[in-house]
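my_file02.txt follows (compact mmCIF, C-alpha atoms):
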# COMPACT_ATOMS: atom_id res chain seq x y z
CA MET A 15 154.13 85.78 130.29
CA ASN A 16 152.18 83.59 127.92
CA GLU A 17 149.72 80.77 128.58
CA LYS A 18 152.32 77.98 128.26
CA GLU A 19 154.62 79.62 130.80
CA ILE A 20 151.76 80.12 133.25
CA ALA A 21 150.65 76.50 132.79
CA GLU A 22 154.22 75.32 133.41
CA LEU A 23 154.32 77.10 136.76
CA ARG A 24 150.77 76.06 137.65
CA ARG A 25 151.87 72.42 137.44
CA ARG A 26 154.31 73.17 140.26
CA PHE A 27 151.34 73.42 142.62
CA ARG A 28 150.54 69.72 142.57
CA ALA A 29 151.59 67.32 145.29
CA ASP A 30 153.72 65.17 142.96
CA LYS A 31 155.45 68.18 141.34
CA SER A 32 155.79 70.69 144.17
CA SER A 33 158.95 71.49 146.08
CA ILE A 34 157.14 74.06 148.23
CA SER A 35 157.89 73.00 151.80
CA ARG A 36 156.13 75.66 153.86
CA VAL A 37 153.47 78.35 153.77
CA ARG A 38 153.47 81.61 155.68
CA GLY A 39 150.51 83.83 156.30
CA CYS A 40 148.18 85.62 158.64
CA TYR A 41 144.48 85.68 159.44
CA VAL A 42 142.88 89.15 159.26
CA ASN A 43 139.45 90.05 160.65
CA GLU A 44 136.93 92.60 159.36
CA LYS A 45 138.53 95.30 161.57
CA ARG A 46 141.87 94.90 159.75
CA GLU A 47 143.41 93.24 162.79
CA ILE A 48 145.79 90.28 162.54
CA ILE A 49 144.22 87.53 164.65
CA SER A 50 147.00 84.99 164.11
CA GLN A 51 150.14 84.35 162.09
CA PHE A 52 151.54 81.03 160.91
CA ASP A 53 154.66 79.56 159.32
CA GLN A 54 153.62 75.99 158.66
CA SER A 55 155.39 73.08 157.08
CA LEU A 56 153.39 71.27 154.41
CA GLY A 57 155.04 68.09 155.65
CA ILE A 58 153.03 68.07 158.87
CA LEU A 59 149.74 68.46 157.02
CA GLY A 60 147.77 65.45 155.91
CA GLN A 61 147.79 64.58 152.23
CA THR A 62 144.27 65.90 151.69
CA GLU A 63 144.98 69.21 153.45
CA SER A 64 148.26 69.66 151.58
CA GLU A 65 146.59 69.04 148.21
CA GLN A 66 143.75 71.42 149.07
CA LEU A 67 146.19 74.15 150.06
CA LEU A 68 148.21 73.75 146.84
CA ALA A 69 144.97 73.78 144.82
CA THR A 70 143.96 77.05 146.47
CA LEU A 71 147.32 78.63 145.69
CA ARG A 72 147.19 77.28 142.13
CA LYS A 73 144.04 79.28 141.45
CA THR A 74 146.13 82.45 141.68
CA LEU A 75 147.61 81.37 138.33
CA SER A 76 144.24 80.65 136.71
CA GLY A 77 141.91 82.57 134.44
CA THR A 78 142.43 84.44 131.19
CA LEU A 79 145.44 86.55 130.31
CA GLY A 80 144.41 90.17 130.01
CA LYS A 81 141.27 89.59 132.08
CA ASN A 82 142.16 87.78 135.33
CA LEU A 83 145.94 87.69 134.86
CA LEU A 84 147.49 91.11 134.30
CA ASP A 85 151.03 92.21 133.65
CA ILE A 86 152.44 94.75 136.14
CA PRO A 87 155.67 96.31 134.82
CA PHE A 88 158.34 98.07 136.89
CA ASP A 89 160.45 100.83 135.39
CA THR A 90 164.22 101.00 135.93
CA ARG A 91 163.95 103.60 138.68
CA GLN A 92 161.52 101.45 140.67
CA VAL A 93 163.85 98.46 140.42
CA VAL A 94 166.84 100.52 141.56
CA GLU A 95 165.23 102.76 144.20
CA GLY A 96 161.60 101.71 144.81
CA ASP A 97 160.57 100.57 148.29
CA GLN A 98 157.88 98.27 146.91
CA HIS A 99 160.25 96.41 144.58
CA LYS A 100 162.91 96.24 147.30
CA LEU A 101 160.42 94.64 149.71
CA LEU A 102 159.37 92.05 147.13
CA MET A 103 163.02 91.24 146.41
CA THR A 104 163.74 90.84 150.13
CA LEU A 105 160.82 88.42 150.52
CA ARG A 106 162.04 86.43 147.53
CA ASN A 107 165.75 86.38 148.31
CA SER A 108 165.22 85.54 151.99
CA ALA A 109 162.84 82.71 151.10
CA LEU A 110 160.27 84.46 153.35
CA ARG A 111 162.57 84.17 156.39
CA ASP A 112 163.07 87.92 156.91
CA GLU A 113 160.58 88.59 159.72
CA GLU A 114 160.71 92.36 159.37
CA ALA A 115 160.00 92.18 155.64
CA VAL A 116 157.13 89.71 156.10
CA SER A 117 155.51 91.91 158.78
CA ALA A 118 155.94 95.02 156.63
CA PHE A 119 154.31 93.22 153.71
CA TYR A 120 151.33 92.13 155.82
CA GLN A 121 150.72 95.71 156.96
CA ARG A 122 151.07 97.07 153.44
CA VAL A 123 148.42 94.65 152.20
CA ILE A 124 146.05 95.15 155.15
CA GLN A 125 146.13 98.95 155.00
CA SER A 126 145.46 99.03 151.25
CA LEU A 127 142.83 96.33 151.00
CA ASP A 128 139.11 96.89 151.43
CA LEU A 129 137.58 93.41 151.64
CA GLU A 130 134.40 92.59 153.50
CA GLY A 131 134.79 90.05 156.27
CA ASN A 132 137.78 87.95 157.27
CA TYR A 133 140.56 86.82 154.96
CA LEU A 134 143.91 85.04 154.80
CA ILE A 135 147.16 86.35 153.35
CA LEU A 136 149.11 83.32 152.09
CA LEU A 137 152.76 83.45 151.01
CA VAL A 138 154.92 80.69 149.51
CA GLN A 139 158.38 80.63 147.95
CA ASP A 140 159.71 78.16 145.42
CA ASP A 141 162.96 77.44 143.56
CA TYR A 142 162.11 75.96 140.18
CA ASP A 143 164.96 74.16 138.41
CA VAL A 144 163.74 75.03 134.92
CA PRO A 145 164.15 72.09 132.50
CA TYR A 146 165.97 72.93 129.29
CA ARG A 147 163.94 72.93 126.07
CA SER A 148 165.66 72.44 122.74
CA LYS A 149 164.77 74.50 119.66
CA ASP A 150 162.24 71.87 118.59
CA GLY A 151 160.44 72.26 121.93
CA GLU A 152 161.57 68.93 123.40
CA ARG A 153 161.96 69.00 127.18
CA GLN A 154 165.20 67.66 128.64
CA ASP A 155 164.75 67.01 132.36
CA ASP A 156 168.40 66.13 132.88
CA ALA A 157 169.51 69.57 131.68
CA SER A 158 168.62 72.82 133.43
CA SER A 159 168.61 76.31 131.96
CA GLU A 160 168.35 78.21 135.29
CA VAL A 161 166.76 78.20 138.72
CA PHE A 162 163.68 80.41 138.82
CA ARG A 163 163.19 81.70 142.37
CA TYR A 164 159.80 83.29 142.99
CA ILE A 165 157.15 84.07 145.56
CA LEU A 166 153.40 83.67 145.22
CA CYS A 167 150.85 85.56 147.29
CA SER A 168 147.15 84.68 147.57
CA ILE A 169 144.47 86.72 149.34
CA CYS A 170 141.65 84.34 150.28
CA PRO A 171 138.34 85.36 151.91
CA VAL A 172 137.29 83.24 154.89
CA LYS A 173 133.54 82.78 154.85
CA GLN A 174 131.08 81.24 157.28
CA THR A 175 128.95 78.36 156.07
CA LYS A 176 125.30 77.86 157.06
CA GLU A 177 123.92 75.23 159.36
CA ALA A 178 122.65 72.27 157.35
CA LEU A 179 121.12 68.83 157.63
CA SER A 180 123.23 65.90 156.46
CA TYR A 181 122.45 62.22 155.99
CA TYR A 182 125.15 59.74 157.08
CA VAL A 183 124.75 56.60 154.97
CA TYR A 184 126.74 54.24 157.16
CA GLU A 185 124.87 55.29 160.31
CA ASN A 186 121.54 55.46 158.49
CA ALA A 187 120.85 58.64 160.41
CA PHE A 188 120.45 62.41 160.00
CA HIS A 189 122.80 64.82 161.75
CA SER A 190 122.94 68.59 161.90
CA ILE A 191 126.13 70.21 160.58
CA SER A 192 127.13 73.31 162.49
CA ALA A 193 128.14 76.55 160.80
CA ASP A 194 131.88 76.76 160.23
CA TRP A 195 134.54 78.97 158.67
CA VAL A 196 136.06 77.88 155.35
CA VAL A 197 138.82 79.28 153.13
CA SER A 198 137.47 80.45 149.78
CA ALA A 199 139.24 80.72 146.43
CA PRO A 200 141.68 83.64 146.13
CA GLU A 201 140.13 87.04 145.49
CA MET A 202 143.49 88.37 144.26
CA GLY A 203 147.18 87.61 144.38
CA PHE A 204 150.40 87.81 142.41
CA LEU A 205 153.54 86.07 141.21
CA PHE A 206 156.90 87.84 141.52
CA PRO A 207 159.07 88.01 139.54
CA SER A 208 157.58 87.21 136.16
CA PHE A 209 158.53 84.05 134.24
CA ASP A 210 159.06 85.55 130.78
CA GLU A 211 160.52 83.36 128.03
CA ARG A 212 160.90 80.74 130.79
CA SER A 213 163.36 82.97 132.59
CA THR A 214 163.44 85.45 135.50
CA ASN A 215 162.19 88.95 134.72
CA LEU A 216 162.66 91.21 137.73
CA TYR A 217 160.98 94.06 135.85
CA ASP A 218 157.56 92.42 135.90
CA ALA A 219 155.00 90.79 138.16
CA LEU A 220 151.90 88.79 137.23
CA TYR A 221 148.81 90.07 139.06
CA TYR A 222 145.64 87.99 139.55
CA CYS A 223 142.12 89.28 140.21
CA LYS A 224 139.13 86.98 140.38
CA ASP A 225 136.60 89.69 139.54
CA THR A 226 137.34 91.13 136.08
CA SER A 227 135.38 94.28 136.94
CA GLN A 228 137.57 95.14 139.94
CA THR A 229 141.38 95.34 139.96
CA HIS A 230 141.73 96.82 143.50
CA PRO A 231 143.85 99.87 142.56
CA ASP A 232 144.81 100.69 146.17
CA PHE A 233 146.29 97.22 146.61
CA VAL A 234 148.20 97.46 143.31
CA GLU A 235 149.55 100.89 144.26
CA ALA A 236 150.64 99.74 147.73
CA VAL A 237 152.33 96.51 146.62
CA PHE A 238 153.77 97.52 143.24
CA HIS A 239 153.62 101.36 143.23
CA ALA A 240 151.98 101.14 139.82
CA PRO A 241 148.62 102.18 138.39
CA ALA A 242 146.13 99.33 138.29
CA PRO A 243 145.30 98.14 134.77
CA MET A 244 141.84 99.08 133.56
CA PRO A 245 139.49 96.18 134.44
CA ALA A 246 138.43 94.01 131.50
CA ALA A 247 134.76 94.82 132.01
CA GLU A 248 135.54 98.55 132.01
CA GLN A 249 137.58 98.18 128.81
CA MET A 250 134.57 96.71 127.03
CA GLU A 251 132.24 99.43 128.32
CA THR A 252 134.73 102.14 127.31
CA PHE A 253 135.18 100.67 123.83
CA GLN A 254 131.41 100.48 123.33
CA ALA A 255 130.96 104.08 124.46
CA LEU A 256 133.81 105.20 122.21
CA LEU A 257 132.17 103.62 119.16
CA GLN A 258 128.84 105.23 119.99
CA ASP A 259 130.27 108.71 120.62
CA THR A 260 132.68 108.92 117.67
CA LEU A 261 130.83 107.04 114.92
CA SER A 262 127.68 109.11 115.48
CA ASP A 263 125.12 108.42 112.71
CA GLU A 264 127.41 105.72 111.23
CA CYS A 265 127.06 103.57 114.35
CA ARG A 266 124.70 101.18 112.58
CA TYR A 267 124.10 97.47 113.10
CA GLN A 268 126.14 96.45 110.05
CA VAL A 269 129.13 98.52 111.18
CA VAL A 270 129.12 97.27 114.80
CA GLN A 271 128.61 93.69 113.61
CA SER A 272 131.56 94.05 111.23
CA VAL A 273 133.83 95.50 113.93
CA HIS A 274 132.97 92.73 116.37
CA GLY A 275 133.25 90.08 113.64
CA GLN A 276 136.75 91.18 112.61
CA LEU A 277 138.00 91.22 116.20
CA ARG A 278 136.53 87.75 116.79
CA GLU A 279 138.25 86.48 113.64
CA MET A 280 141.58 87.75 114.97
CA ILE A 281 140.99 85.85 118.22
CA GLU A 282 140.04 82.63 116.40
CA GLU A 283 143.01 82.88 114.02
CA HIS A 284 145.40 83.51 116.90
CA LYS A 285 144.04 80.44 118.70
CA ALA A 286 144.12 78.25 115.57
CA ASN A 287 147.75 79.19 114.87
CA LYS A 288 148.66 78.34 118.49
CA VAL A 289 150.63 81.56 118.90
CA GLU A 290 152.15 81.60 122.38
CA GLU A 291 152.30 85.37 122.87
CA PRO A 292 149.04 87.01 124.01
CA LEU A 293 147.02 88.69 121.26
CA VAL A 294 146.80 92.49 121.52
CA VAL A 295 145.55 95.25 119.22
CA ASP A 296 146.61 98.87 119.11
CA LYS A 297 145.01 102.06 117.83
CA GLY A 298 146.29 101.42 114.31
CA THR A 299 144.73 97.96 114.22
CA VAL A 300 141.35 99.27 115.34
CA ARG A 301 141.60 102.06 112.74
CA ARG A 302 141.99 99.47 109.97
CA VAL A 303 139.04 97.50 111.38
CA LEU A 304 136.86 100.62 111.25
CA GLU A 305 137.97 101.47 107.72
CA HIS A 306 137.23 97.92 106.57
CA SER A 307 133.76 98.25 108.15
CA GLY A 308 132.96 101.25 105.96
CA VAL A 309 133.41 104.00 108.55
CA SER A 310 134.20 107.40 107.01
CA GLU A 311 137.60 109.04 107.42
CA GLU A 312 136.07 111.80 109.53
CA HIS A 313 134.69 109.39 112.11
CA VAL A 314 137.80 107.19 112.07
CA GLU A 315 139.90 110.23 112.96
CA ALA A 316 137.43 111.15 115.71
CA PHE A 317 137.83 107.65 117.14
CA GLU A 318 141.64 107.94 117.10
CA GLU A 319 141.53 111.30 118.87
CA ARG A 320 139.46 109.87 121.71
CA TYR A 321 141.34 106.55 121.93
CA ASP A 322 144.36 107.90 123.84
CA ASP A 323 142.17 109.75 126.34
CA ALA A 324 140.05 106.65 126.92
CA PHE A 325 142.77 103.97 127.18
CA GLY A 326 146.06 105.83 127.48
CA ALA A 327 148.62 106.79 124.89
CA ASP A 328 149.78 103.90 122.70
CA ALA A 329 147.77 101.40 124.75
CA ASP A 330 147.66 97.79 123.59
CA LEU A 331 144.39 96.00 124.34
CA SER A 332 143.29 92.41 124.30
CA PRO A 333 140.44 92.02 121.77
CA ARG A 334 138.90 89.50 124.20
CA ASN A 335 138.22 92.48 126.47
CA LEU A 336 136.50 94.48 123.73
CA VAL A 337 133.92 92.05 122.35
CA ASP A 338 131.80 89.16 123.56
CA THR A 339 133.17 86.12 121.73
CA LYS A 340 130.22 83.90 122.67
CA GLN A 341 127.26 85.85 121.39
CA LEU A 342 125.96 88.91 119.60
CA GLU A 343 123.38 90.62 121.78
CA ILE A 344 120.84 93.13 120.48
CA THR A 345 118.70 94.92 123.05
CA THR A 346 115.80 97.36 123.15
CA PRO A 347 114.06 98.56 126.32
CA ASP A 348 111.63 95.63 126.00
CA VAL A 349 113.38 92.96 123.89
CA THR A 350 116.72 91.14 124.03
CA ILE A 351 117.96 89.12 121.05
CA LYS A 352 120.97 86.81 121.40
CA VAL A 353 122.60 85.55 118.21
CA SER A 354 125.47 83.15 117.61
CA PRO A 355 128.46 85.40 116.81
CA ASP A 356 129.03 83.76 113.41
CA ARG A 357 125.37 84.18 112.35
CA GLY A 358 124.98 87.91 112.59
CA ASP A 359 123.86 87.78 108.94
CA LEU A 360 120.48 86.46 110.15
CA VAL A 361 119.66 89.89 111.57
CA GLU A 362 119.05 93.15 109.76
CA THR A 363 117.58 96.53 110.60
CA ARG A 364 115.05 98.28 108.43
CA LEU A 365 112.88 101.40 108.29
CA ILE A 366 109.33 100.50 107.19
CA ASP A 367 106.65 103.19 106.86
CA GLY A 368 108.67 105.42 109.18
CA ALA A 369 108.98 102.77 111.92
CA ARG A 370 112.28 101.08 112.86
CA TYR A 371 112.37 97.25 112.82
CA ILE A 372 114.82 94.49 113.66
CA LEU A 373 114.26 91.59 111.26
CA ILE A 374 115.42 88.05 111.98
CA ARG A 375 115.42 85.40 109.28
CA ALA A 376 113.91 82.25 110.76
CA GLU A 377 113.65 79.21 108.46
CA GLU A 378 112.94 76.48 111.00
CA GLY A 379 113.12 75.48 114.65
CA VAL A 380 111.26 78.52 116.01
CA ALA A 381 109.81 78.13 119.51
CA VAL A 382 108.04 80.39 122.01
CA ASN A 383 108.72 79.49 125.64
CA GLY A 384 109.73 76.05 124.46
CA VAL A 385 106.65 75.53 122.24
CA PRO A 386 107.51 75.02 118.54
CA ILE A 387 105.49 77.35 116.32
CA GLN A 388 104.78 77.76 112.64
CA ILE A 389 105.34 81.03 110.78
CA SER A 390 102.82 81.51 107.95

Step by step, read the file and then write its structure as structure tokens.
Amino acid sequence: MNEKEIAELRRRFRADKSSISRVRGCYVNEKREIISQFDQSLGILGQTESEQLLATLRKTLSGTLGKNLLDIPFDTRQVVEGDQHKLLMTLRNSALRDEEAVSAFYQRVIQSLDLEGNYLILLVQDDYDVPYRSKDGERQDDASSEVFRYILCSICPVKQTKEALSYYVYENAFHSISADWVVSAPEMGFLFPSFDERSTNLYDALYYCKDTSQTHPDFVEAVFHAPAPMPAAEQMETFQALLQDTLSDECRYQVVQSVHGQLREMIEEHKANKVEEPLVVDKGTVRRVLEHSGVSEEHVEAFEERYDDAFGADADLSPRNLVDTKQLEITTPDVTIKVSPDRGDLVETRLIDGARYILIRAEEGVAVNGVPIQIS
């Protein structure tokens, strides 16, 4: 799925756009026990509660592709024979009315999930009459291309608030607010099936994780019978370690700055051209980046040899997961320097009288703890 397709579905979770009529779910305590189950009509909720519930569900389709929103593919055998895919299809095709399937799904989630405290499992089903779009991109609401039937699951922690003091303006008085339990934003969730090229793709699901450093592999295995994608934070750490280990003595500031700069340029160009498909790079692309940065053939080949072991054979990666697009950070045990990513030219490294230095060109606007200083 691309960003436009995700945004199109996300708009479904607004009160004036939604055709979702009911929500199913259960409340699970810290002992992995189901305290209560519910199958509630949104029609009996007040407008505020209904909008808040849809907003909570909508967050399962938020975040960045490749970081928070991850593609989970199914192979042909899983689709034909897999218990996990069969269960998801039963939930979808029964519009969440198959009690045995719903109960089995709850247990599968509960037994695989290791969350602290209480949480809710929320399930909704929707039939989206997909408006037809002509070749020039114009939407035609009176013409439909297909009905996209899908389910959305959200796993939401339920956290206890603290007692607090509140001031009531109209009473001109202070009152104590008791501690209460509130539903937090989803920790994880998924959309099934995927909405690829604005059409049903039963061979894919879109998985959401709030924390980009944790993809909950046990949950992914239990629900999809698939390996969890490497977390975005781990991808960056792995890429950094790979550069350090394989470039050896060529892992200099100029080389790392060049590698990061080229990847950032790809991201900016992709955004400027408004390309709908997510940007990914493969081993060959990174090889060309290293060569353009002046890395020797020997070290480029060493990088390629380690790439498959680190990320998997023929892995495609999002460059957003490999570099920090907001800053260039240089650290020593005692000093941290943060530079605008497009001004890496202001920094250089030098060996002076046998001592290593980081030099920063500073023409004006230099301050120490907020105090402007003069350099003379």

Ile20 of chain A: which residues within 10 Å, counting all atoms listed in the file, same-chain residues fewer than 2 positions away excluded, as an MDAnalysis selection string? chainID A and resid 15:18 22:25 75:76 79 83 208:210 212 220

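Every protein, DNA or RNA residue with an atom at most 9 Å from Asp356 of chain A, where only C-alpha atoms count and chain neighbours fewer than 3 positions away do not, is listed here: Gly275, Gln341, Leu342, Val353 and Asp359 of chain A.
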
Atom CA of Glu177 of chain A to atom CA of Lys73 of chain A measures 27.2 Å

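Taking atom CA of Leu71 of chain A and atom CA of Gln98 of chain A as endpoints, the distance between them is 22.3 Å.
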
If we count only C-alpha atoms and set the cut-off at 12 Å, which residues sit around Glu47 of chain A, ignoring sequence neighbours fewer than 2 positions away in its own chain? Please answer as a list in words.
Cys40, Tyr41, Val42, Asn43, Glu44, Lys45, Ile49, Ser50, Gln51, Tyr120, Gln121, Val123, Ile124, Gln125, Gly131, Asn132, Tyr133 and Leu134 of chain A

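Compared by their closest atoms to Asp218 of chain A, and using all atoms listed in the file, the residues A:Ala242, A:Met250, A:Ile191, A:Leu84 rank with A:Leu84 nearest.
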
Excluding Val337 of chain A and any residue of its chain fewer than 3 positions from it, enumerate the residues within 10 Å of it, using all atoms listed in the file, and give them as a PyMOL selection string. chain A and resi 249-251+253-254+273-275+277-278+332-334+340-342

List every residue of segment 135-230 of chain A that has an atom at most 8 Å from any atom of segment 104-107 of chain A, giving for each one its closest atom pair and the distance in Å to one decimal, counting only C-alpha atoms, sorted by chain and then by ascending residue number, as CSV.
residue,atom,partner,partner_atom,distance
A:Gln139,CA,A:Arg106,CA,6.9
A:Arg163,CA,A:Arg106,CA,7.1
A:Tyr164,CA,A:Arg106,CA,6.0
A:Ile165,CA,A:Arg106,CA,5.8

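Atom pair atom CA of Ala246 of chain A / atom CA of Gly77 of chain A: separated by 12.3 Å.
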
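Comparing A:Glu19, A:Glu343, A:Glu377, A:Glu235 by their smallest distance to Ile86 of chain A, the closest is A:Glu235 (using only C-alpha atoms).
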
I'd like the contact shell of Ser307 of chain A - 12 Å cut-off, all atoms listed in the file, skipping same-chain residues fewer than 5 positions apart - returned as a PDB file with C-alpha atoms, keeping the file's coordinate frame.
ATOM      1  CA  LEU A 261     130.830 107.040 114.920  1.00  0.00           C
ATOM      2  CA  GLU A 264     127.410 105.720 111.230  1.00  0.00           C
ATOM      3  CA  CYS A 265     127.060 103.570 114.350  1.00  0.00           C
ATOM      4  CA  ARG A 266     124.700 101.180 112.580  1.00  0.00           C
ATOM      5  CA  TYR A 267     124.100  97.470 113.100  1.00  0.00           C
ATOM      6  CA  GLN A 268     126.140  96.450 110.050  1.00  0.00           C
ATOM      7  CA  VAL A 269     129.130  98.520 111.180  1.00  0.00           C
ATOM      8  CA  VAL A 270     129.120  97.270 114.800  1.00  0.00           C
ATOM      9  CA  GLN A 271     128.610  93.690 113.610  1.00  0.00           C
ATOM     10  CA  SER A 272     131.560  94.050 111.230  1.00  0.00           C
ATOM     11  CA  VAL A 273     133.830  95.500 113.930  1.00  0.00           C
ATOM     12  CA  HIS A 274     132.970  92.730 116.370  1.00  0.00           C
ATOM     13  CA  GLY A 275     133.250  90.080 113.640  1.00  0.00           C
ATOM     14  CA  GLN A 276     136.750  91.180 112.610  1.00  0.00           C
ATOM     15  CA  LEU A 277     138.000  91.220 116.200  1.00  0.00           C
ATOM     16  CA  VAL A 300     141.350  99.270 115.340  1.00  0.00           C
ATOM     17  CA  ARG A 301     141.600 102.060 112.740  1.00  0.00           C
ATOM     18  CA  ARG A 302     141.990  99.470 109.970  1.00  0.00           C
ATOM     19  CA  HIS A 313     134.690 109.390 112.110  1.00  0.00           C
ATOM     20  CA  VAL A 314     137.800 107.190 112.070  1.00  0.00           C
TER      21      VAL A 314
END

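When only C-alpha atoms are used to measure the gap to His99 of chain A, the shortest distance among A:Lys224, A:His239, A:Arg320, A:His189 belongs to A:His239.
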
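The smallest atom-to-atom distance between Phe162 of chain A and any of A:Pro200, A:Pro386, A:Pro207, A:Pro241, using only C-alpha atoms, is found for A:Pro207.
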
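Minimum atom-to-atom distance to Ser310 of chain A, evaluated using all atoms listed in the file, belongs to A:Thr260 out of A:Thr260, A:Tyr222, A:Ala21, A:Thr74.
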
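When all atoms listed in the file are used to measure the gap to Phe238 of chain A, the shortest distance among A:Asp85, A:Asp143, A:Glu290, A:Asp323 belongs to A:Asp85.
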